[in-house]
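Participant: Right, I'll just put the structure down here and ask away after.
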Amino acid sequence: MTDADPQSKPQPIPQTSTAPPAKRWMYVIPVAAIMYMLAYLDRNNVSVILPYMHGDLELSNADKGLVGGIFFVGYVFLQIPAAILAQRWSARKTVLILMLAWGVAASLSGLVQTKSQFYVARFVLGLFEGGVWPAVLILLASWFPLRERARANALWMACLPLSSVLMAPLSGWMLDHGTWRWVLVMQGIPPLVWAVVWWFAVADRPAQARWISRAEAGHVEGAIAADEAAKPSMGSGSYLDAVKQKSVLVLIGVYFFWITGFYGFNLWLPSVIKELTHDGSPTEVGALTAIPFTVALIVMIANAAWSDRTGRRRQAVAVPLVVGIAALLLGQAVDGALPRMLLLCVTAAAVYAPYGPFWAIPGQLLRFEVVAVAMGLINALGNLGGFAGPYLVGWLTDVTGSSVTGFAVLSAFLAVAVALVTLGLRPSARPVPQVAGQAAEGA
C-alpha cells in the first residue's frame, strides 16, 4: 500500500469526549471559505466584465467563451500534484503557496494588451488556482468525520455562491467607477492579504492546532480513524487501484457533465440579466446577478444537511440537476423579465445544490491514503467541463444568433450527469458501517 510519510500520517488521539465539538466549525470553515471565495472571484468577475468590454481586445462571443473556458484548461495541471502534496506534505502550506501565486497572476491579468495575452493570463490564473480545491478537501477530511462531511463540504463550498452574491455587485460598482483593467488589478490584492490570516489560523489536523483542546482533537481524530478502519482495502491499495475503480470513473463523468452545465450557466448569467434589464448599468446588473446566487446559497446548505441526515448522496445530486434542466429549458421558452428571473434563481439553486453531497462520496468510498489522487483526478478531468460549457454557449450564440441552442445543449449535459449518478453508482456502494451511533451512509 502507498502510504504517506509516517511522520505526517495522522495519529489518532484517544477520545476523551463524547460531546460533538463545535469549535472547528467556527475556525476551519470560515477561513477556508473566505480563501476560496477570493479564488472564485476570478471566475465571476470576468463574467460581469465581458458584457461591458465594448470592443476592447476585439472579442467575439466565441472569444468571450474562450476567455472564460481557457481558465479551466490551466486548472487541470496542478490538481493531482497539489492533492498529493496536501496529503503527504501539508495542505496548509500547499494552499498558501498557490494563494500567493494566483494573487499575483490575477493582478497581472489586468495589464494585458492583446486577445492572446488575455488567453495566456487566464490560463496561468487557472493553473495556480487549480490545486486549491483538492488540497482543501484533503484538509477538511482531516477535520470532519464522514457523518459530517457533506455539511462541512457544503459550508465551505458555500463560498461559491456567496462570492457571487458579494463580488458580482462589487465588480459591477467598480466597473462603473473605473476600467475593467483596474477591476482585475485591484481584485488580485485580497488573496495576498488573506494569505497571512491563512498561515496563522489554519492547521493540517486537530493535533497541530493551537486553539483546539486535547479533548476536542481526540474526539475528531478518533472518529476519523474509526471511519478509515471501517473502509475495506482496495486490491494492493495503490493509487492505480483507486482510480481504476468504476465508481471513480463514474464520478469523473458526473462531474464533467455537471460542470459543463454549471459554468456554461454561470459565465453567461450576467449577459442574460443585462438583456433582461435592456442594457442596464454594470452596478444594476451586478446587483441583480447576486439574487440567483443568494437563493443558491440557501438551497445548497439545506440539501447538504438533508444528505447528511438521510445518507442519500445520489438523490441529493440527481434531483436538483433534474430541476435545473427543467428550469433551464423553460427559461428559454417564457417571456417577461420576472418569470425569466425566477427561473434563473431556480437554475442557480439547482446547479449549486449537489456540491456538498457529491464531494462527500469519494471520501466515503476510498481510504485516506488514496482519496487525494482520486479527488484530484475527479476535479481535474471534471473541470474540463468549465472550458466546454462557456465556449459552447458563446460559439452557438455566434452561429445561431441566439443563446437558446447553447442553453439547450447545457441541459443535455446536465441530463447525462443525472443518468450517470443514478445508474452508474449503485445505492449500496461501499456503505460505511455505523460509527458512534450514527447511521451508515450510502452513496
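Labels used: A, B, ... for chains in the order of the C-alpha cells, numbers from 1 for residues in each chain, and numbers from 1 for ligands as shown.
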What lies within 9 Å of Pro362 of chain A using only C-alpha atoms, ignoring chain neighbours under 6 positions off, as an MDAnalysis selection string?

Facilitator: chainID A and resid 247:248 251 371 374:375

Participant: Output all heavy atoms for every residue in the selection just made, as a PDB file, in the first residue's frame.

Facilitator:
```pdb
ATOM      1  N   SER A 247     -16.479   3.299  -9.668  1.00  0.00           N
ATOM      2  CA  SER A 247     -17.116   4.440  -9.006  1.00  0.00           C
ATOM      3  C   SER A 247     -16.357   5.731  -9.259  1.00  0.00           C
ATOM      4  O   SER A 247     -16.966   6.798  -9.452  1.00  0.00           O
ATOM      5  CB  SER A 247     -17.234   4.188  -7.499  1.00  0.00           C
ATOM      6  OG  SER A 247     -15.954   3.963  -6.933  1.00  0.00           O
ATOM      7  N   VAL A 248     -15.029   5.670  -9.275  1.00  0.00           N
ATOM      8  CA  VAL A 248     -14.226   6.867  -9.520  1.00  0.00           C
ATOM      9  C   VAL A 248     -14.423   7.345 -10.958  1.00  0.00           C
ATOM     10  O   VAL A 248     -14.572   8.550 -11.216  1.00  0.00           O
ATOM     11  CB  VAL A 248     -12.736   6.605  -9.232  1.00  0.00           C
ATOM     12  CG1 VAL A 248     -11.885   7.812  -9.615  1.00  0.00           C
ATOM     13  CG2 VAL A 248     -12.541   6.272  -7.752  1.00  0.00           C
ATOM     14  N   LEU A 251     -17.749   9.012 -11.221  1.00  0.00           N
ATOM     15  CA  LEU A 251     -17.730  10.338 -10.601  1.00  0.00           C
ATOM     16  C   LEU A 251     -17.052  11.372 -11.501  1.00  0.00           C
ATOM     17  O   LEU A 251     -17.473  12.532 -11.552  1.00  0.00           O
ATOM     18  CB  LEU A 251     -17.028  10.280  -9.242  1.00  0.00           C
ATOM     19  CG  LEU A 251     -17.805   9.574  -8.127  1.00  0.00           C
ATOM     20  CD1 LEU A 251     -16.925   9.367  -6.905  1.00  0.00           C
ATOM     21  CD2 LEU A 251     -19.059  10.366  -7.752  1.00  0.00           C
ATOM     22  N   VAL A 371      -7.462   8.735  -1.457  1.00  0.00           N
ATOM     23  CA  VAL A 371      -8.542   9.641  -1.826  1.00  0.00           C
ATOM     24  C   VAL A 371      -8.001  10.942  -2.404  1.00  0.00           C
ATOM     25  O   VAL A 371      -8.670  11.598  -3.213  1.00  0.00           O
ATOM     26  CB  VAL A 371      -9.457   9.921  -0.605  1.00  0.00           C
ATOM     27  CG1 VAL A 371      -8.793  10.843   0.399  1.00  0.00           C
ATOM     28  CG2 VAL A 371     -10.794  10.487  -1.066  1.00  0.00           C
ATOM     29  N   ALA A 374      -7.600  10.430  -6.133  1.00  0.00           N
ATOM     30  CA  ALA A 374      -8.921  10.257  -6.744  1.00  0.00           C
ATOM     31  C   ALA A 374      -9.657  11.590  -6.849  1.00  0.00           C
ATOM     32  O   ALA A 374     -10.211  11.923  -7.897  1.00  0.00           O
ATOM     33  CB  ALA A 374      -9.742   9.258  -5.937  1.00  0.00           C
ATOM     34  N   MET A 375      -9.642  12.380  -5.772  1.00  0.00           N
ATOM     35  CA  MET A 375     -10.346  13.667  -5.805  1.00  0.00           C
ATOM     36  C   MET A 375      -9.659  14.637  -6.753  1.00  0.00           C
ATOM     37  O   MET A 375     -10.316  15.430  -7.442  1.00  0.00           O
ATOM     38  CB  MET A 375     -10.452  14.247  -4.399  1.00  0.00           C
ATOM     39  CG  MET A 375     -11.456  13.514  -3.535  1.00  0.00           C
ATOM     40  SD  MET A 375     -11.976  14.407  -2.046  1.00  0.00           S
ATOM     41  CE  MET A 375     -10.447  14.532  -1.151  1.00  0.00           C
TER      42      MET A 375
END
```

Participant: Taking 5 positions as the minimum chain separation for residues in the same chain, which residues sit within 8 Å of Gly69 of chain A when counting only C-alpha atoms? Answer as JSON, numbers by chain.

Facilitator: {"A": [386, 387, 388, 389, 390, 391]}

Participant: If we count only C-alpha atoms, what is near segment 104-119 of chain A at a cut-off of 9 Å, once residues fewer than 6 positions away on the same chain are taken out, given as a list in words?

Facilitator: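 Counting only the stated atoms, we get Asp42, Asp56, Leu57, Glu58, Leu59, Asp63, Leu66, Val67, Gly68, Ile70, Phe71, Leu125, Phe128, Trp180, Arg181, Trp182, Val183, Leu184, Val185, Met186, Gln187, Gly188, Ile189, Pro191 and Leu192 of chain A.
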
Participant: For Gln332 of chain A, which of A:Ile252, A:Ala408, A:Val196, A:Ala296 is the closest residue, counting only C-alpha atoms?

Facilitator: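 Residue with the minimum atom-to-atom distance to Gln332 of chain A: A:Ala408.
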
Participant: Contacts of Leu139 of chain A at 8 Å or less, counting only C-alpha atoms, minus same-chain residues fewer than 6 places along, as a list in words?

Facilitator: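 Here the qualifying residues turn out to be Ala86, Ala91, Arg92, Asp204 and Arg205 of chain A.
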
Participant: Please dump the current selection as a PDB file, in the first residue's frame; keep C-alpha atoms.

Facilitator:
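Result file result-v3.pdb:
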```pdb
ATOM      1  CA  ALA A  86      -1.596  18.214   0.594  1.00  0.00           C
ATOM      2  CA  ALA A  91      -2.456  21.140   2.859  1.00  0.00           C
ATOM      3  CA  ARG A  92      -1.857  24.386   4.733  1.00  0.00           C
ATOM      4  CA  ASP A 204      -3.331  20.498   8.880  1.00  0.00           C
ATOM      5  CA  ARG A 205      -5.099  18.452  11.554  1.00  0.00           C
TER       6      ARG A 205
END
```

Participant: For atom CA of Gly264 of chain A and atom CA of Thr277 of chain A, determine how far apart the two atoms are, in Å to one decimal place.

Facilitator: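 Taking atom CA of Gly264 of chain A as the start and atom CA of Thr277 of chain A as the end point, the length is 20.5 Å.
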
Participant: Which residues are near Leu343 of chain A? Cut-off 6 Å, only C-alpha atoms, ignore same chain within fewer than 3 positions. Put them as a PyMOL selection string.

Facilitator: chain A and resi 327+331+340+346

Participant: Check segment 248-428 of chain A with DSSP on the backbone and list each residue it calls alpha helix (DSSP H), as a PyMOL selection string.

Facilitator: chain A and resi 248-276+282-310+313-331+337-352+355-365+368-382+385-400+404-419

Participant: Near Ser90 of chain A, within 10 Å and counting only C-alpha atoms, which residues show up once chain neighbours fewer than 6 positions away are dropped, as a PyMOL selection string?

Facilitator: chain A and resi 8+82-84+96+135+138-139+203-205

Participant: Please provide as number ranges by chain all residues within 9 Å of Val202 of chain A, with the sequence filter that same-chain residues fewer than 3 positions apart are discarded (counting only C-alpha atoms).

Facilitator: A: 27-28, 31-32, 92, 197-199, 205, 209

Participant: Between A:Ala62, A:Leu329, A:Leu269, A:Val132, which is the closest to Tyr75 of chain A once you count only C-alpha atoms?

Facilitator: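 Selected residue with least distance to Tyr75 of chain A: A:Val132.
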
Participant: Restricting the calculation to only C-alpha atoms: of A:Leu381, A:Ile34, A:Ile212, A:Leu288, which residue gets closest to Val193 of chain A?

Facilitator: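 Nearest to Val193 of chain A: A:Ile34.
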
Participant: To one decimal place in Å, what is the distance between atom CA of Leu410 of chain A and atom CA of Trp306 of chain A?

Facilitator: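 Between these atoms lies a distance of 26.7 Å.
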